[in-house]
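Dumped upload00.cif below, it's mmCIF, C-alpha atoms (C1' of nucleotides):
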```cif
data_query
#
loop_
_atom_site.label_atom_id
_atom_site.label_comp_id
_atom_site.auth_asym_id
_atom_site.auth_seq_id
_atom_site.Cartn_x
_atom_site.Cartn_y
_atom_site.Cartn_z
CA MET X 1 -128.18 -25.11 116.22
CA GLY X 2 -129.49 -23.78 119.43
CA GLY X 3 -126.15 -24.01 121.11
CA LYS X 4 -126.22 -27.40 122.70
CA LYS X 5 -123.16 -26.60 124.78
CA THR X 6 -121.84 -29.47 126.76
CA SER X 7 -122.40 -28.31 130.37
CA ILE X 8 -119.14 -30.02 131.29
CA THR X 9 -116.07 -27.98 132.10
CA ASN X 10 -112.66 -29.01 133.32
CA HIS X 11 -109.58 -27.83 135.15
CA ILE X 12 -107.11 -30.02 133.34
CA LYS X 13 -104.75 -27.22 132.41
CA ARG X 14 -104.62 -25.76 135.89
CA ILE X 15 -104.08 -29.14 137.53
CA ARG X 16 -101.61 -30.25 134.90
CA LEU X 17 -99.47 -27.17 135.49
CA ALA X 18 -99.91 -27.10 139.26
CA ARG X 19 -99.47 -30.77 140.10
CA THR X 20 -97.28 -32.06 137.30
CA GLU X 21 -94.75 -30.91 134.78
CA PHE X 22 -96.48 -32.62 131.92
CA THR X 23 -96.77 -30.81 128.65
CA GLN X 24 -99.95 -31.30 126.67
CA ALA X 25 -98.09 -33.82 124.57
CA GLY X 26 -96.78 -35.59 127.67
CA LEU X 27 -100.22 -35.84 129.18
CA ALA X 28 -101.65 -37.05 125.87
CA GLU X 29 -99.08 -39.80 125.69
CA ARG X 30 -99.71 -40.92 129.25
CA VAL X 31 -103.48 -41.11 128.81
CA GLY X 32 -103.26 -42.76 125.42
CA ALA X 33 -104.73 -39.93 123.40
CA THR X 34 -103.35 -37.44 120.92
CA ARG X 35 -102.11 -33.96 121.61
CA GLN X 36 -104.99 -32.52 119.60
CA THR X 37 -107.47 -34.21 121.86
CA ILE X 38 -105.90 -32.71 124.97
CA ILE X 39 -105.75 -29.27 123.37
CA ALA X 40 -109.42 -29.42 122.38
CA ILE X 41 -110.56 -30.64 125.77
CA GLU X 42 -108.47 -28.10 127.69
CA ALA X 43 -109.98 -25.44 125.44
CA GLN X 44 -113.44 -26.72 126.43
CA LYS X 45 -114.27 -27.48 122.80
CA TYR X 46 -115.95 -30.69 123.84
CA ALA X 47 -116.05 -33.10 126.74
CA PRO X 48 -113.99 -36.26 126.66
CA SER X 49 -115.48 -39.72 126.70
CA LEU X 50 -116.03 -41.19 130.16
CA GLU X 51 -113.08 -43.50 129.68
CA LEU X 52 -110.71 -40.72 128.70
CA ALA X 53 -111.99 -38.63 131.60
CA PHE X 54 -111.13 -41.46 134.00
CA ARG X 55 -107.67 -41.81 132.48
CA ILE X 56 -106.95 -38.10 132.66
CA ALA X 57 -108.08 -37.88 136.28
CA HIS X 58 -106.05 -40.97 137.12
CA VAL X 59 -102.88 -39.63 135.52
CA LEU X 60 -103.36 -36.24 137.16
CA GLY X 61 -103.87 -37.94 140.53
CA GLU X 62 -107.24 -36.37 141.20
CA PRO X 63 -110.79 -37.72 141.42
CA VAL X 64 -112.88 -37.35 138.30
CA GLU X 65 -115.13 -34.82 139.98
CA GLU X 66 -112.20 -32.58 140.86
CA VAL X 67 -111.04 -32.43 137.27
CA PHE X 68 -114.45 -32.26 135.58
CA GLN X 69 -117.47 -30.25 136.65
CA PHE X 70 -121.00 -30.88 135.61
CA ASP X 71 -123.14 -27.78 135.59
CA SER X 72 -126.50 -29.27 136.44
CA SER X 73 -128.15 -25.88 136.15
CA LEU X 74 -127.76 -26.03 132.39
CA TRP X 75 -129.98 -29.06 132.42
CA ASP X 76 -131.35 -29.70 128.91
CA MET K 1 -110.92 -59.62 117.82
CA GLY K 2 -108.41 -57.83 119.86
CA GLY K 3 -111.33 -56.79 121.92
CA LYS K 4 -110.98 -53.09 122.43
CA LYS K 5 -113.61 -53.35 125.09
CA THR K 6 -114.30 -50.22 126.96
CA SER K 7 -112.72 -50.95 130.36
CA ILE K 8 -115.62 -49.11 131.94
CA THR K 9 -118.29 -50.99 133.83
CA ASN K 10 -121.24 -49.74 135.82
CA HIS K 11 -123.66 -50.67 138.58
CA ILE K 12 -126.57 -48.65 137.31
CA LYS K 13 -129.04 -51.50 137.42
CA ARG K 14 -128.15 -52.52 140.95
CA ILE K 15 -128.26 -48.96 142.26
CA ARG K 16 -131.40 -48.13 140.31
CA LEU K 17 -133.23 -51.07 141.86
CA ALA K 18 -131.74 -50.69 145.33
CA ARG K 19 -131.98 -46.94 145.81
CA THR K 20 -134.88 -45.96 143.60
CA GLU K 21 -138.02 -47.35 142.07
CA PHE K 22 -137.19 -46.04 138.65
CA THR K 23 -137.82 -48.21 135.68
CA GLN K 24 -135.34 -48.03 132.82
CA ALA K 25 -137.78 -45.75 131.04
CA GLY K 26 -138.17 -43.61 134.15
CA LEU K 27 -134.44 -43.23 134.57
CA ALA K 28 -134.05 -42.48 130.87
CA GLU K 29 -136.59 -39.72 131.09
CA ARG K 30 -134.99 -38.17 134.16
CA VAL K 31 -131.50 -38.11 132.66
CA GLY K 32 -132.69 -36.90 129.28
CA ALA K 33 -131.84 -40.00 127.30
CA THR K 34 -133.83 -42.72 125.65
CA ARG K 35 -134.79 -46.08 127.08
CA GLN K 36 -132.57 -47.80 124.51
CA THR K 37 -129.56 -45.89 125.74
CA ILE K 38 -130.16 -46.96 129.33
CA ILE K 39 -130.69 -50.56 128.29
CA ALA K 40 -127.47 -50.60 126.28
CA ILE K 41 -125.43 -49.00 129.04
CA GLU K 42 -126.84 -51.26 131.76
CA ALA K 43 -125.99 -54.20 129.51
CA GLN K 44 -122.42 -52.85 129.31
CA LYS K 45 -122.65 -52.56 125.55
CA TYR K 46 -120.83 -49.25 125.66
CA ALA K 47 -119.92 -46.52 128.12
CA PRO K 48 -121.98 -43.35 128.28
CA SER K 49 -120.57 -39.94 127.49
CA LEU K 50 -119.10 -38.07 130.43
CA GLU K 51 -122.10 -35.80 130.52
CA LEU K 52 -124.60 -38.63 130.58
CA ALA K 53 -122.53 -40.39 133.23
CA PHE K 54 -122.72 -37.29 135.43
CA ARG K 55 -126.47 -37.06 134.91
CA ILE K 56 -127.04 -40.70 135.71
CA ALA K 57 -124.95 -40.52 138.86
CA HIS K 58 -126.69 -37.31 139.86
CA VAL K 59 -130.16 -38.77 139.39
CA LEU K 60 -129.20 -41.95 141.23
CA GLY K 61 -127.80 -39.88 144.09
CA GLU K 62 -124.33 -41.40 143.97
CA PRO K 63 -120.89 -40.11 143.03
CA VAL K 64 -119.76 -40.88 139.50
CA GLU K 65 -117.08 -43.21 140.76
CA GLU K 66 -119.61 -45.29 142.69
CA VAL K 67 -121.73 -45.84 139.63
CA PHE K 68 -118.95 -46.28 137.09
CA GLN K 69 -115.71 -48.20 137.49
CA PHE K 70 -112.63 -47.76 135.42
CA ASP K 71 -110.52 -50.88 135.19
CA SER K 72 -107.09 -49.36 134.88
CA SER K 73 -105.51 -52.79 134.54
CA LEU K 74 -106.96 -53.08 131.07
CA TRP K 75 -104.89 -50.07 130.14
CA ASP K 76 -104.56 -49.94 126.32
"C1'" DG L 1 -157.32 -65.65 127.10
"C1'" DG L 2 -156.45 -60.58 126.45
"C1'" DG L 3 -154.27 -56.37 128.03
"C1'" DT L 4 -150.56 -53.64 130.08
"C1'" DG L 5 -146.01 -52.36 131.77
"C1'" DA L 6 -141.20 -53.50 131.98
"C1'" DT L 7 -137.33 -55.35 129.67
"C1'" DG L 8 -134.85 -56.88 125.58
"C1'" DT L 9 -132.93 -57.16 120.52
"C1'" DA L 10 -131.92 -55.13 116.16
"C1'" DA L 11 -130.82 -51.94 112.52
"C1'" DA L 12 -130.45 -47.49 110.20
"C1'" DG L 13 -129.41 -42.84 110.79
"C1'" DT L 14 -127.65 -38.73 113.46
"C1'" DA L 15 -124.47 -36.63 116.63
"C1'" DT L 16 -120.28 -36.33 119.06
"C1'" DT L 17 -115.53 -37.55 120.12
"C1'" DT L 18 -110.91 -38.82 118.51
"C1'" DT L 19 -107.30 -39.36 115.17
"C1'" DT L 20 -104.45 -37.89 111.48
"C1'" DT L 21 -102.12 -34.46 109.00
"C1'" DA L 22 -100.44 -30.03 108.26
"C1'" DC L 23 -99.54 -25.39 109.15
"C1'" DT L 24 -99.18 -21.12 112.58
"C1'" DT L 25 -97.87 -18.67 116.82
"C1'" DT L 26 -95.73 -18.10 121.17
"C1'" DT L 27 -92.04 -18.48 124.44
"C1'" DA L 28 -87.61 -19.35 125.97
"C1'" DT L 29 -82.90 -19.45 125.20
"C1'" DA L 30 -78.30 -19.76 122.93
"C1'" DT R 1 -81.77 -13.21 115.36
"C1'" DA R 2 -82.13 -18.07 114.89
"C1'" DT R 3 -83.62 -22.32 116.75
"C1'" DA R 4 -86.43 -25.49 119.15
"C1'" DA R 5 -90.15 -26.92 122.22
"C1'" DA R 6 -94.82 -26.00 123.52
"C1'" DA R 7 -99.21 -24.48 122.43
"C1'" DG R 8 -102.72 -23.36 119.03
"C1'" DT R 9 -105.96 -23.62 114.71
"C1'" DA R 10 -108.18 -26.21 111.11
"C1'" DA R 11 -110.43 -29.77 108.54
"C1'" DA R 12 -111.40 -34.50 106.85
"C1'" DA R 13 -111.91 -39.19 108.19
"C1'" DA R 14 -112.62 -42.83 111.61
"C1'" DA R 15 -114.59 -44.45 115.83
"C1'" DT R 16 -118.03 -44.36 119.26
"C1'" DA R 17 -122.38 -42.79 121.52
"C1'" DC R 18 -127.16 -41.79 120.99
"C1'" DT R 19 -131.83 -41.68 118.84
"C1'" DT R 20 -135.63 -43.46 116.39
"C1'" DT R 21 -138.49 -47.06 115.04
"C1'" DA R 22 -140.18 -51.56 115.18
"C1'" DC R 23 -140.93 -55.88 116.99
"C1'" DA R 24 -140.32 -59.88 120.85
"C1'" DT R 25 -140.55 -61.78 125.55
"C1'" DC R 26 -141.90 -62.07 130.26
"C1'" DA R 27 -144.63 -61.19 134.37
"C1'" DC R 28 -148.69 -59.65 136.42
"C1'" DC R 29 -153.55 -59.01 136.77
"C1'" DC R 30 -158.47 -58.47 135.02
#
```
Just dump the structure as structure tokens.
Amino acid sequence: MGGKKTSITNHIKRIRLARTEFTQAGLAERVGATRQTIIAIEAQKYAPSLELAFRIAHVLGEPVEEVFQFDSSLWD
Amino acid sequence: MGGKKTSITNHIKRIRLARTEFTQAGLAERVGATRQTIIAIEAQKYAPSLELAFRIAHVLGEPVEEVFQFDSSLWD
DNA sequence: GGGTGATGTAAAGTATTTTTTACTTTTATA
DNA sequence: TATAAAAGTAAAAAATACTTTACATCACCC
């Protein structure tokens, strides 16, 4: 239980609101996921799979590394 | 088998051999995964998590999108 | 031939992500 | 105030990633 937090964060919400007019449901539909998944990821509950991360970045029109940040200082 | 293949491929093996002298076990150790995981991912059996993908790219000294390719034509 | 390191396969079990379903809260607006 | 769309919480089940363990093959070198 020692808090194995994911060390991945994202700016989906900010980019979604700034660059698009997608709702969470609209984004979910476009990336082929459910609304719950988008909500959980935006809330940093967990990191998406690599495939979903690529889809989200693609739909938002940003590179993966703009949307998702890896905090390499929290290594292990 | 409708083949819900992952639409993610990678060049880990090529980059690992070209840019480093890491063995699969050596790479595994550096990214904090097991040798089996590296073998399976190099063999395109499945895609890594986003976090592991970031670690692998980081250790290989390449951007995520150089190491991993998303085939957006296989959408859904 | 025997030993070692690197790579590979397989299967069972654990961990994490995603879906499905259902209910709550907020915000805008008529 | 009522209504609807958007965002949020929760929890069980399904899907996928990862580990652990064990054994097999291949190349190299003593």
Lys13 (chain X) environment, 9 Å, only C-alpha atoms (C1' of nucleotides), sequence neighbours closer than 5 positions dropped, as a list in words: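 These residues fall inside the cut-off: Ala18, Gln24, Glu42 and Ala43 of chain X.
Among K:Thr23, K:Thr6, K:His11, K:Gly61, the residue with the shortest atom-to-atom distance to chain R, counting all atoms listed in the file, is K:Thr6.
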Output, as a PDB file with C-alpha atoms, in the frame of the given file, the coordinates of chain K following least-squares superposition onto chain X across all in-order C-alpha pairs.
```pdb
ATOM      1  CA  MET K   1    -127.878 -21.719 117.538  1.00  0.00           C
ATOM      2  CA  GLY K   2    -129.676 -23.169 120.425  1.00  0.00           C
ATOM      3  CA  GLY K   3    -126.273 -23.941 121.718  1.00  0.00           C
ATOM      4  CA  LYS K   4    -126.365 -27.527 122.818  1.00  0.00           C
ATOM      5  CA  LYS K   5    -123.111 -26.923 124.580  1.00  0.00           C
ATOM      6  CA  THR K   6    -121.844 -29.764 126.604  1.00  0.00           C
ATOM      7  CA  SER K   7    -122.442 -28.538 130.172  1.00  0.00           C
ATOM      8  CA  ILE K   8    -119.168 -30.170 131.127  1.00  0.00           C
ATOM      9  CA  THR K   9    -116.133 -28.073 131.918  1.00  0.00           C
ATOM     10  CA  ASN K  10    -112.714 -29.064 133.166  1.00  0.00           C
ATOM     11  CA  HIS K  11    -109.652 -27.781 134.987  1.00  0.00           C
ATOM     12  CA  ILE K  12    -107.152 -29.997 133.255  1.00  0.00           C
ATOM     13  CA  LYS K  13    -104.828 -27.191 132.275  1.00  0.00           C
ATOM     14  CA  ARG K  14    -104.735 -25.668 135.734  1.00  0.00           C
ATOM     15  CA  ILE K  15    -104.169 -29.006 137.447  1.00  0.00           C
ATOM     16  CA  ARG K  16    -101.668 -30.144 134.839  1.00  0.00           C
ATOM     17  CA  LEU K  17     -99.564 -27.037 135.392  1.00  0.00           C
ATOM     18  CA  ALA K  18    -100.025 -26.900 139.157  1.00  0.00           C
ATOM     19  CA  ARG K  19     -99.558 -30.547 140.072  1.00  0.00           C
ATOM     20  CA  THR K  20     -97.356 -31.867 137.304  1.00  0.00           C
ATOM     21  CA  GLU K  21     -94.801 -30.748 134.783  1.00  0.00           C
ATOM     22  CA  PHE K  22     -96.507 -32.521 131.947  1.00  0.00           C
ATOM     23  CA  THR K  23     -96.784 -30.804 128.645  1.00  0.00           C
ATOM     24  CA  GLN K  24     -99.952 -31.358 126.640  1.00  0.00           C
ATOM     25  CA  ALA K  25     -98.037 -33.898 124.591  1.00  0.00           C
ATOM     26  CA  GLY K  26     -96.743 -35.578 127.738  1.00  0.00           C
ATOM     27  CA  LEU K  27    -100.199 -35.849 129.226  1.00  0.00           C
ATOM     28  CA  ALA K  28    -101.576 -37.113 125.923  1.00  0.00           C
ATOM     29  CA  GLU K  29     -98.999 -39.844 125.814  1.00  0.00           C
ATOM     30  CA  ARG K  30     -99.644 -40.922 129.393  1.00  0.00           C
ATOM     31  CA  VAL K  31    -103.410 -41.151 128.944  1.00  0.00           C
ATOM     32  CA  GLY K  32    -103.167 -42.845 125.571  1.00  0.00           C
ATOM     33  CA  ALA K  33    -104.617 -40.048 123.491  1.00  0.00           C
ATOM     34  CA  THR K  34    -103.237 -37.615 120.989  1.00  0.00           C
ATOM     35  CA  ARG K  35    -102.013 -34.098 121.611  1.00  0.00           C
ATOM     36  CA  GLN K  36    -104.904 -32.734 119.543  1.00  0.00           C
ATOM     37  CA  THR K  37    -107.402 -34.412 121.816  1.00  0.00           C
ATOM     38  CA  ILE K  38    -105.863 -32.849 124.911  1.00  0.00           C
ATOM     39  CA  ILE K  39    -105.741 -29.441 123.271  1.00  0.00           C
ATOM     40  CA  ALA K  40    -109.391 -29.647 122.249  1.00  0.00           C
ATOM     41  CA  ILE K  41    -110.543 -30.813 125.663  1.00  0.00           C
ATOM     42  CA  GLU K  42    -108.499 -28.207 127.540  1.00  0.00           C
ATOM     43  CA  ALA K  43    -110.020 -25.606 125.225  1.00  0.00           C
ATOM     44  CA  GLN K  44    -113.467 -26.927 126.215  1.00  0.00           C
ATOM     45  CA  LYS K  45    -114.277 -27.752 122.618  1.00  0.00           C
ATOM     46  CA  TYR K  46    -115.904 -30.990 123.692  1.00  0.00           C
ATOM     47  CA  ALA K  47    -116.022 -33.330 126.665  1.00  0.00           C
ATOM     48  CA  PRO K  48    -113.911 -36.471 126.690  1.00  0.00           C
ATOM     49  CA  SER K  49    -115.389 -39.940 126.808  1.00  0.00           C
ATOM     50  CA  LEU K  50    -115.937 -41.355 130.272  1.00  0.00           C
ATOM     51  CA  GLU K  51    -112.967 -43.626 129.843  1.00  0.00           C
ATOM     52  CA  LEU K  52    -110.627 -40.847 128.810  1.00  0.00           C
ATOM     53  CA  ALA K  53    -111.932 -38.703 131.656  1.00  0.00           C
ATOM     54  CA  PHE K  54    -111.055 -41.460 134.129  1.00  0.00           C
ATOM     55  CA  ARG K  55    -107.590 -41.808 132.626  1.00  0.00           C
ATOM     56  CA  ILE K  56    -106.923 -38.099 132.718  1.00  0.00           C
ATOM     57  CA  ALA K  57    -108.054 -37.803 136.317  1.00  0.00           C
ATOM     58  CA  HIS K  58    -106.017 -40.859 137.235  1.00  0.00           C
ATOM     59  CA  VAL K  59    -102.854 -39.524 135.620  1.00  0.00           C
ATOM     60  CA  LEU K  60    -103.356 -36.103 137.190  1.00  0.00           C
ATOM     61  CA  GLY K  61    -103.853 -37.727 140.587  1.00  0.00           C
ATOM     62  CA  GLU K  62    -107.262 -36.197 141.223  1.00  0.00           C
ATOM     63  CA  PRO K  63    -110.790 -37.565 141.465  1.00  0.00           C
ATOM     64  CA  VAL K  64    -112.873 -37.291 138.316  1.00  0.00           C
ATOM     65  CA  GLU K  65    -115.164 -34.772 139.931  1.00  0.00           C
ATOM     66  CA  GLU K  66    -112.257 -32.470 140.771  1.00  0.00           C
ATOM     67  CA  VAL K  67    -111.082 -32.388 137.198  1.00  0.00           C
ATOM     68  CA  PHE K  68    -114.467 -32.279 135.493  1.00  0.00           C
ATOM     69  CA  GLN K  69    -117.522 -30.282 136.504  1.00  0.00           C
ATOM     70  CA  PHE K  70    -121.041 -30.974 135.453  1.00  0.00           C
ATOM     71  CA  ASP K  71    -123.218 -27.892 135.383  1.00  0.00           C
ATOM     72  CA  SER K  72    -126.557 -29.398 136.254  1.00  0.00           C
ATOM     73  CA  SER K  73    -128.263 -26.032 135.888  1.00  0.00           C
ATOM     74  CA  LEU K  74    -127.838 -26.257 132.147  1.00  0.00           C
ATOM     75  CA  TRP K  75    -130.000 -29.343 132.260  1.00  0.00           C
ATOM     76  CA  ASP K  76    -131.370 -30.011 128.739  1.00  0.00           C
TER      77      ASP K  76
END
```
Interface list for chain X, partner chain K, 8 Å threshold, only C-alpha atoms, as a short mmCIF file (atom, residue, chain, number, x, y, z; two decimals) with C-alpha atoms, keeping the file's coordinate frame:
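Wrote selection21.cif, looks like this:
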```cif
data_model
loop_
_atom_site.label_atom_id
_atom_site.label_comp_id
_atom_site.auth_asym_id
_atom_site.auth_seq_id
_atom_site.Cartn_x
_atom_site.Cartn_y
_atom_site.Cartn_z
CA THR X 6 -121.84 -29.47 126.76
CA SER X 7 -122.40 -28.31 130.37
CA ILE X 8 -119.14 -30.02 131.29
CA GLY X 32 -103.26 -42.76 125.42
CA ALA X 47 -116.05 -33.10 126.74
CA PRO X 48 -113.99 -36.26 126.66
CA SER X 49 -115.48 -39.72 126.70
CA LEU X 50 -116.03 -41.19 130.16
CA GLU X 51 -113.08 -43.50 129.68
CA ALA X 53 -111.99 -38.63 131.60
CA PHE X 54 -111.13 -41.46 134.00
CA ARG X 55 -107.67 -41.81 132.48
CA VAL X 64 -112.88 -37.35 138.30
CA GLU X 65 -115.13 -34.82 139.98
CA PHE X 70 -121.00 -30.88 135.61
CA SER X 72 -126.50 -29.27 136.44
CA ASP X 76 -131.35 -29.70 128.91
#
```
Picked residues, the PyMOL selection byres ((chain L and resi 17) around 9), expected as a list in words: Thr37, Tyr46, Ala47, Pro48 and Ser49 of chain X; DT16 and DT18 of chain L; DA15, DT16 and DA17 of chain R
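Take CA of Gly26 (chain X) and CA of Ile38 (chain X): the distance between them is 9.9 Å.
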From R:DC30, R:DC18, R:DA11, R:DC23, residue lying nearest Ile39 (chain K) [all atoms listed in the file]: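 Among the listed residues, the smallest separation from Ile39 (chain K) belongs to R:DC18.
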Chain and number of each residue from the PyMOL selection byres ((chain L and resi 5) around 10), as an NGL selection string: (:K and (23)) or (:L and (3-4 or 6-7)) or (:R and (27-28))
What does the file look like for those residues with C-alpha atoms (C1' of nucleotides), as an mmCIF file, in the frame of the given file?
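File written: out_33.cif
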```cif
data_model
loop_
_atom_site.group_PDB
_atom_site.id
_atom_site.type_symbol
_atom_site.label_atom_id
_atom_site.label_comp_id
_atom_site.auth_asym_id
_atom_site.auth_seq_id
_atom_site.Cartn_x
_atom_site.Cartn_y
_atom_site.Cartn_z
ATOM 1 C CA THR K 23 -137.820 -48.210 135.680
ATOM 2 C "C1'" DG L 3 -154.270 -56.370 128.030
ATOM 3 C "C1'" DT L 4 -150.560 -53.640 130.080
ATOM 4 C "C1'" DA L 6 -141.200 -53.500 131.980
ATOM 5 C "C1'" DT L 7 -137.330 -55.350 129.670
ATOM 6 C "C1'" DA R 27 -144.630 -61.190 134.370
ATOM 7 C "C1'" DC R 28 -148.690 -59.650 136.420
#
```
Residue members of the PyMOL selection byres ((chain L and resi 19-27) around 8) in the file shown, as a PyMOL selection string: (chain X and resi 34) or (chain L and resi 18+28) or (chain R and resi 7-9+14)
CA of Leu60 (chain K) to CA of Phe22 (chain K), distance in Å rounded to a single decimal: 9.3 Å
Straight-line distance linking C1' of DA5 (chain R) with CA of Arg35 (chain X), stated in Å to one decimal: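 Rounded to one decimal, the two atoms are 13.9 Å apart.
Of the residues listed (X:Ser73, X:Asn10, X:Gln36, X:Thr20), X:Gln36 shows the shortest atom-to-atom separation from chain L; distances use all atoms listed in the file.
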Please reconstruct the missing atoms of region 56-72 of chain K (target: N, CA, C and O atoms) and return them as a CSV table (one decimal), in the coordinates of the input.
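After the write, out_1.csv holds the following:
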```csv
chain,number,residue,atom,x,y,z
K,56,ILE,N,-126.6,-39.4,135.1
K,56,ILE,CA,-127.0,-40.7,135.7
K,56,ILE,C,-126.7,-40.8,137.2
K,56,ILE,O,-127.5,-41.1,138.0
K,57,ALA,N,-125.4,-40.5,137.5
K,57,ALA,CA,-125.0,-40.5,138.9
K,57,ALA,C,-125.7,-39.5,139.7
K,57,ALA,O,-126.2,-39.9,140.8
K,58,HIS,N,-126.0,-38.3,139.2
K,58,HIS,CA,-126.7,-37.3,139.9
K,58,HIS,C,-128.1,-37.8,140.2
K,58,HIS,O,-128.6,-37.6,141.3
K,59,VAL,N,-128.8,-38.3,139.2
K,59,VAL,CA,-130.2,-38.8,139.4
K,59,VAL,C,-130.2,-40.0,140.4
K,59,VAL,O,-131.2,-40.1,141.1
K,60,LEU,N,-129.2,-40.8,140.3
K,60,LEU,CA,-129.2,-42.0,141.2
K,60,LEU,C,-128.7,-41.6,142.6
K,60,LEU,O,-128.8,-42.4,143.6
K,61,GLY,N,-128.2,-40.3,142.8
K,61,GLY,CA,-127.8,-39.9,144.1
K,61,GLY,C,-126.5,-40.5,144.6
K,61,GLY,O,-126.3,-40.7,145.8
K,62,GLU,N,-125.6,-40.8,143.6
K,62,GLU,CA,-124.3,-41.4,144.0
K,62,GLU,C,-123.2,-40.6,143.2
K,62,GLU,O,-123.5,-40.1,142.2
K,63,PRO,N,-122.0,-40.7,143.8
K,63,PRO,CA,-120.9,-40.1,143.0
K,63,PRO,C,-120.6,-40.9,141.8
K,63,PRO,O,-120.9,-42.1,141.7
K,64,VAL,N,-120.1,-40.2,140.8
K,64,VAL,CA,-119.8,-40.9,139.5
K,64,VAL,C,-118.9,-42.2,139.7
K,64,VAL,O,-119.2,-43.2,139.1
K,65,GLU,N,-118.0,-42.1,140.6
K,65,GLU,CA,-117.1,-43.2,140.8
K,65,GLU,C,-117.7,-44.4,141.5
K,65,GLU,O,-117.1,-45.5,141.6
K,66,GLU,N,-118.9,-44.2,142.1
K,66,GLU,CA,-119.6,-45.3,142.7
K,66,GLU,C,-120.4,-46.0,141.6
K,66,GLU,O,-120.6,-47.2,141.6
K,67,VAL,N,-120.9,-45.3,140.7
K,67,VAL,CA,-121.7,-45.8,139.6
K,67,VAL,C,-120.9,-46.5,138.5
K,67,VAL,O,-121.2,-47.5,138.0
K,68,PHE,N,-119.8,-45.8,138.2
K,68,PHE,CA,-119.0,-46.3,137.1
K,68,PHE,C,-117.6,-46.6,137.6
K,68,PHE,O,-117.0,-45.9,138.4
K,69,GLN,N,-117.0,-47.8,137.1
K,69,GLN,CA,-115.7,-48.2,137.5
K,69,GLN,C,-114.8,-48.2,136.3
K,69,GLN,O,-115.2,-48.7,135.2
K,70,PHE,N,-113.6,-47.7,136.5
K,70,PHE,CA,-112.6,-47.8,135.4
K,70,PHE,C,-111.6,-48.8,135.8
K,70,PHE,O,-111.0,-48.8,136.8
K,71,ASP,N,-111.5,-49.8,134.9
K,71,ASP,CA,-110.5,-50.9,135.2
K,71,ASP,C,-109.2,-50.5,134.6
K,71,ASP,O,-108.9,-50.7,133.4
K,72,SER,N,-108.3,-49.9,135.4
K,72,SER,CA,-107.1,-49.4,134.9
K,72,SER,C,-106.1,-50.5,134.6
K,72,SER,O,-105.0,-50.2,134.0
```
